[in-house]
Amino acid sequence: MNQSLYIHNSLTRRKELFEPLNPPHVGVYVCGPTVYGDAHLGHARPAITFDLLFRYLTHIGYKVRYVRNITDVGHLENDADEGEDKIEKKARLEQLEPMEVVQYFTNRYHHNMEQLNVLPPSIEPRASGHIIEQIELIKKILEAGYAYESNGSVYFSLDKYAKSYPYGELSGRVLDEQAIQTRNLDGQDEKRFPLDFALWKKAAPEHIMHWPSPWSEGFPGWHLECTAMSTKYLGDTFDIHGGGMDLLFPHHECEIAQSTASLGHESVRYWMHNNMITINGQKMGKSLGNFITLNEFFDGSHQLLEKAYTPMAVRFFILQAHYRSTVDFSNEALQASEKGLQRLMSGIHLLQKLQPSEKSTVNIDDMEQKCYQAMNDDLNSPMVIAHLFDGLRIINLVNDGKETIAEVDLQQLKKTYHHFVFDVLGLKDEKQTNKQTELINGLMNHILQMRMQAKANKDFVTSDSIRHMLNELGIEVKDRKDGFDWSIQD
RNA sequence: GGUUUCUUGGCCGAGUGGCUAGGCAGAGGUCUGCAAAACCUUGUACGGCGGUUCGAAUCCGCCAGAAACCUCCA
């Protein structure tokens, strides 16, 4: 709070002090999913990364407008300008309306996000709902002279653009001089220059999704939607644009070109990119066929999974790595996260029961500070988690009576855990408390009190038979020095 | 081939020019009628070879290996 947030800007490749354009307002745009299939573990990464950003910015007092789009048109299968639209293909295969496909997978995506405790964005625009804005944007680029019409389609003129503005800064790519000067020998091609990308495509007769435009009945290019929608909702210049690293090129490079060509300046002040999730060292991706959907994680149905993993275990697993590192999936790593999370949560339960003393023998003053420092250092969630585990030791030592904590420190400790575990990291306690569980808790309390009584009377036959009976029901009983714990076995 | 990046202890995974990351597993201990759990303690690692430096795992160079992007993919 009293320090400044630094974030890594992909454009400059260094950490920069984050200074919003119009404080306390912050505008964030993140590339969302193309909804033609279930979300997999890879989709969880940007969702959680930018959820962390959203939560943290909000926590430190900014008013954040978080825009995350749904791509429901224009994302073609092949290179930027060829092949079938992904949504259409799915619709054709399933004999559904394209919008049925979109709605179905959007609903499922939302459900997965809710399970992962990913907050909904402030605005979730769809590409198909912004055709007019995209057409207007194309007009502007045409007026500026950086696009041309060809047989009903409109292409971005990259060679011309590259002569006026630097191109390739984000991805570190340089347009090859020779490639620019070489005429494309293929006369059939509508493009003047091979790297030109489509802004508008004339629809083939069998194409289902198409809209009228000044150039043809057709549909917008994929890169266009993000430029049109981000500037519509966040302004011609806005603070943060995020997405997966695989979108750096060409998608985000094209976005920069589009907004610069139409406005004369770049729109985005800070670019942030999350790294990939790998499986056996290789990117988890649809084209590689090695992805595991979130639903499969949650029910354990994928053959690579040894068991089901809860949404919070998946979230914690992702947060235990820094967002710009690759993270390799394995059952071992996930189970380690699962156990660590359980320990963290039981520590937090314990924290609520701690009794304050006259004075503290523990120093927790700097723990809160360290957590903020870690977050301020480019959202270093693994470091925050490490500090939270350090704090667990304090909690346990106080609980064991080996250390004491004063009321004021106890309150601060509780506040710190609440802020970072629940508000910022967005973890939640998966043991739900509803009427049913309250009832069970009450019953268990009575039963185990009776068992305690039996134990106190050295009536171990009774106490063991109660424990045995509960075990039969799948309830594990753990004796403690001054009481008991119990848990329902999975 | 080009662009970008990575290589840390049994596994995962932070970080830094000199001071213990953390988690999981393992080991020892405490507690305990038994059991289980829990808790406490414990690890001195940084791909190889050079260089800069009083000092580098951290900076530079070379080598080896890996990945992502260069076609759609978060």
# chains A, B, ... in the order shown; residues from 1 in each chain; ligands from 1
>>> residues_around(residues="U3 in chain B", least_positions_apart="2", cutoff="10 Å", atoms="only C-alpha atoms (C1' of nucleotides)", output="list in words")
Gly168, Ser171, Gly172, Arg173 and Val174 of chain A; C69 and C70 of chain B
>>> select_by_dssp(residues="range 137-238 of chain A", states="helix (DSSP H, G or I)", output="MDAnalysis selection string")
chainID A and resid 137:144 158:164 177:181 222:234
>>> atom_distance(atom1="CA of Leu351 in chain A", atom2="CA of Asp400 in chain A")
12.0 Å
>>> closest_atom_pairs(of="chain B", to="chain A", cutoff="7 Å", atoms="only C-alpha atoms (C1' of nucleotides)", output="JSON lines")
{"residue": "B:U3", "atom": "C1'", "partner": "A:Gly172", "partner_atom": "CA", "distance": 5.7}
{"residue": "B:C12", "atom": "C1'", "partner": "A:Ala333", "partner_atom": "CA", "distance": 5.3}
{"residue": "B:G13", "atom": "C1'", "partner": "A:Ala321", "partner_atom": "CA", "distance": 6.4}
{"residue": "B:A14", "atom": "C1'", "partner": "A:Met383", "partner_atom": "CA", "distance": 6.2}
{"residue": "B:A21", "atom": "C1'", "partner": "A:Ala386", "partner_atom": "CA", "distance": 6.9}
{"residue": "B:G22", "atom": "C1'", "partner": "A:Ala386", "partner_atom": "CA", "distance": 4.3}
{"residue": "B:G23", "atom": "C1'", "partner": "A:Gly340", "partner_atom": "CA", "distance": 6.1}
{"residue": "B:C24", "atom": "C1'", "partner": "A:Ala336", "partner_atom": "CA", "distance": 4.4}
{"residue": "B:A36", "atom": "C1'", "partner": "A:Lys478", "partner_atom": "CA", "distance": 6.0}
{"residue": "B:A37", "atom": "C1'", "partner": "A:Lys478", "partner_atom": "CA", "distance": 5.6}
{"residue": "B:C39", "atom": "C1'", "partner": "A:Asn396", "partner_atom": "CA", "distance": 6.9}
{"residue": "B:C69", "atom": "C1'", "partner": "A:Asp246", "partner_atom": "CA", "distance": 6.4}
{"residue": "B:U71", "atom": "C1'", "partner": "A:Asp79", "partner_atom": "CA", "distance": 4.8}
{"residue": "B:C72", "atom": "C1'", "partner": "A:Glu77", "partner_atom": "CA", "distance": 5.0}
{"residue": "B:C73", "atom": "C1'", "partner": "A:Gly285", "partner_atom": "CA", "distance": 5.8}
{"residue": "B:A74", "atom": "C1'", "partner": "A:His43", "partner_atom": "CA", "distance": 4.6}
>>> closest_atom_pairs(of="range 8-30 of chain A", to="range 255-271 of chain A", cutoff="10 Å", atoms="only C-alpha atoms", output="Markdown table")
| residue | atom | partner | partner_atom | distance |
| --- | --- | --- | --- | --- |
| A:His8 | CA | A:Trp271 | CA | 7.9 |
| A:Asn9 | CA | A:Trp271 | CA | 5.1 |
| A:Ser10 | CA | A:Trp271 | CA | 5.3 |
| A:Leu11 | CA | A:Trp271 | CA | 6.2 |
| A:Thr12 | CA | A:Trp271 | CA | 8.9 |
| A:Arg13 | CA | A:Trp271 | CA | 9.5 |
| A:Glu16 | CA | A:Tyr270 | CA | 8.7 |
| A:Phe18 | CA | A:Tyr270 | CA | 8.2 |
| A:Glu19 | CA | A:Arg269 | CA | 9.4 |
| A:Pro20 | CA | A:Arg269 | CA | 8.8 |
| A:Leu21 | CA | A:Arg269 | CA | 8.6 |
| A:Gly27 | CA | A:Val268 | CA | 9.8 |
| A:Val28 | CA | A:Val268 | CA | 9.5 |
| A:Tyr29 | CA | A:Val268 | CA | 9.3 |
| A:Val30 | CA | A:Trp271 | CA | 9.9 |
>>> residues_around(residues="U53 in chain B", least_positions_apart="5", cutoff="12 Å", atoms="only C-alpha atoms (C1' of nucleotides)", output="short mmCIF file (atom, residue, chain, number, x, y, z; two decimals) with all heavy atoms, in the first residue's frame")
data_model
loop_
_atom_site.label_atom_id
_atom_site.label_comp_id
_atom_site.auth_asym_id
_atom_site.auth_seq_id
_atom_site.Cartn_x
_atom_site.Cartn_y
_atom_site.Cartn_z
P G B 17 20.75 -8.61 -6.87
OP1 G B 17 20.88 -7.15 -6.69
OP2 G B 17 20.03 -9.16 -8.00
"O5'" G B 17 22.23 -9.28 -6.75
"C5'" G B 17 23.05 -8.70 -5.89
"C4'" G B 17 24.15 -9.62 -5.45
"O4'" G B 17 25.08 -9.72 -6.56
"C3'" G B 17 24.96 -9.00 -4.31
"O3'" G B 17 24.51 -9.29 -3.01
"C2'" G B 17 26.41 -9.47 -4.59
"O2'" G B 17 26.79 -10.56 -3.79
"C1'" G B 17 26.36 -9.89 -6.07
N9 G B 17 27.35 -9.15 -6.87
C8 G B 17 27.18 -7.96 -7.53
N7 G B 17 28.26 -7.57 -8.15
C5 G B 17 29.19 -8.56 -7.88
C6 G B 17 30.55 -8.70 -8.27
O6 G B 17 31.23 -7.94 -8.97
N1 G B 17 31.11 -9.86 -7.77
C2 G B 17 30.46 -10.77 -6.99
N2 G B 17 31.16 -11.81 -6.60
N3 G B 17 29.20 -10.67 -6.62
C4 G B 17 28.63 -9.54 -7.10
P G B 18 24.10 -10.85 -2.56
OP1 G B 18 23.68 -11.77 -3.63
OP2 G B 18 23.19 -10.57 -1.43
"O5'" G B 18 25.47 -11.38 -1.95
"C5'" G B 18 25.61 -12.77 -1.60
"C4'" G B 18 26.70 -12.93 -0.55
"O4'" G B 18 27.76 -12.02 -0.87
"C3'" G B 18 26.24 -12.62 0.86
"O3'" G B 18 26.17 -13.82 1.61
"C2'" G B 18 27.33 -11.76 1.48
"O2'" G B 18 28.11 -12.50 2.44
"C1'" G B 18 28.26 -11.47 0.32
N9 G B 18 28.46 -10.03 0.09
C8 G B 18 27.54 -9.03 -0.01
N7 G B 18 28.08 -7.86 -0.30
C5 G B 18 29.43 -8.12 -0.38
C6 G B 18 30.50 -7.28 -0.65
O6 G B 18 30.50 -6.07 -0.90
N1 G B 18 31.72 -7.95 -0.65
C2 G B 18 31.85 -9.29 -0.40
N2 G B 18 33.08 -9.78 -0.44
N3 G B 18 30.86 -10.12 -0.14
C4 G B 18 29.69 -9.46 -0.15
P C B 59 22.28 -12.60 -13.45
OP1 C B 59 21.00 -11.94 -13.83
OP2 C B 59 22.73 -13.80 -14.17
"O5'" C B 59 23.46 -11.52 -13.50
"C5'" C B 59 23.18 -10.14 -13.68
"C4'" C B 59 24.41 -9.46 -14.22
"O4'" C B 59 25.50 -9.60 -13.27
"C3'" C B 59 24.97 -10.07 -15.50
"O3'" C B 59 24.30 -9.58 -16.65
"C2'" C B 59 26.42 -9.64 -15.45
"O2'" C B 59 26.58 -8.29 -15.84
"C1'" C B 59 26.73 -9.77 -13.96
N1 C B 59 27.29 -11.09 -13.59
C2 C B 59 28.60 -11.40 -14.00
O2 C B 59 29.23 -10.56 -14.66
N3 C B 59 29.13 -12.59 -13.66
C4 C B 59 28.41 -13.47 -12.95
N4 C B 59 28.98 -14.63 -12.64
C5 C B 59 27.08 -13.18 -12.54
C6 C B 59 26.56 -12.00 -12.88
P C B 60 24.18 -10.48 -17.93
OP1 C B 60 23.31 -9.75 -18.87
OP2 C B 60 23.86 -11.86 -17.53
"O5'" C B 60 25.67 -10.47 -18.50
"C5'" C B 60 26.23 -9.28 -19.03
"C4'" C B 60 27.60 -9.58 -19.60
"O4'" C B 60 28.48 -9.95 -18.52
"C3'" C B 60 27.65 -10.78 -20.54
"O3'" C B 60 27.25 -10.44 -21.85
"C2'" C B 60 29.13 -11.15 -20.46
"O2'" C B 60 29.94 -10.29 -21.23
"C1'" C B 60 29.41 -10.93 -18.98
N1 C B 60 29.22 -12.15 -18.17
C2 C B 60 30.25 -13.11 -18.17
O2 C B 60 31.25 -12.90 -18.85
N3 C B 60 30.10 -14.24 -17.43
C4 C B 60 29.00 -14.43 -16.71
N4 C B 60 28.90 -15.54 -16.01
C5 C B 60 27.94 -13.47 -16.69
C6 C B 60 28.10 -12.36 -17.43
#
>>> residues_around(residues="G47 in chain B", least_positions_apart="5", cutoff="9 Å", atoms="only C-alpha atoms (C1' of nucleotides)", output="PyMOL selection string")
chain B and resi 7+64-65
>>> residues_around(residues="Glu136 in chain A", least_positions_apart="6", cutoff="10 Å", atoms="only C-alpha atoms (C1' of nucleotides)", output="list of chain:residue names")
A:Leu142, A:Ser213, A:Ala228
>>> write_last_selection(atoms="N, CA, C and O atoms", output="PDB file, in the first residue's frame")
ATOM      1  N   LEU A 142      -8.604   2.255 -42.983  1.00  0.00           N
ATOM      2  CA  LEU A 142      -8.603   2.517 -44.427  1.00  0.00           C
ATOM      3  C   LEU A 142      -8.334   4.002 -44.700  1.00  0.00           C
ATOM      4  O   LEU A 142      -7.518   4.358 -45.552  1.00  0.00           O
ATOM      5  N   SER A 213     -21.464  -5.234 -44.774  1.00  0.00           N
ATOM      6  CA  SER A 213     -20.435  -4.211 -44.567  1.00  0.00           C
ATOM      7  C   SER A 213     -20.292  -3.447 -45.874  1.00  0.00           C
ATOM      8  O   SER A 213     -20.824  -3.873 -46.900  1.00  0.00           O
ATOM      9  N   ALA A 228     -11.100  -3.291 -31.114  1.00  0.00           N
ATOM     10  CA  ALA A 228     -12.372  -2.559 -31.137  1.00  0.00           C
ATOM     11  C   ALA A 228     -12.994  -2.510 -29.747  1.00  0.00           C
ATOM     12  O   ALA A 228     -13.460  -1.458 -29.294  1.00  0.00           O
TER      13      ALA A 228
END
>>> atom_distance(atom1="CA of Lys140 in chain A", atom2="CA of Glu206 in chain A")
29.4 Å
>>> residues_around(residues="Leu119 in chain A", least_positions_apart="4", cutoff="8 Å", atoms="only C-alpha atoms (C1' of nucleotides)", output="ChimeraX atom specification")
/A:51,113-114
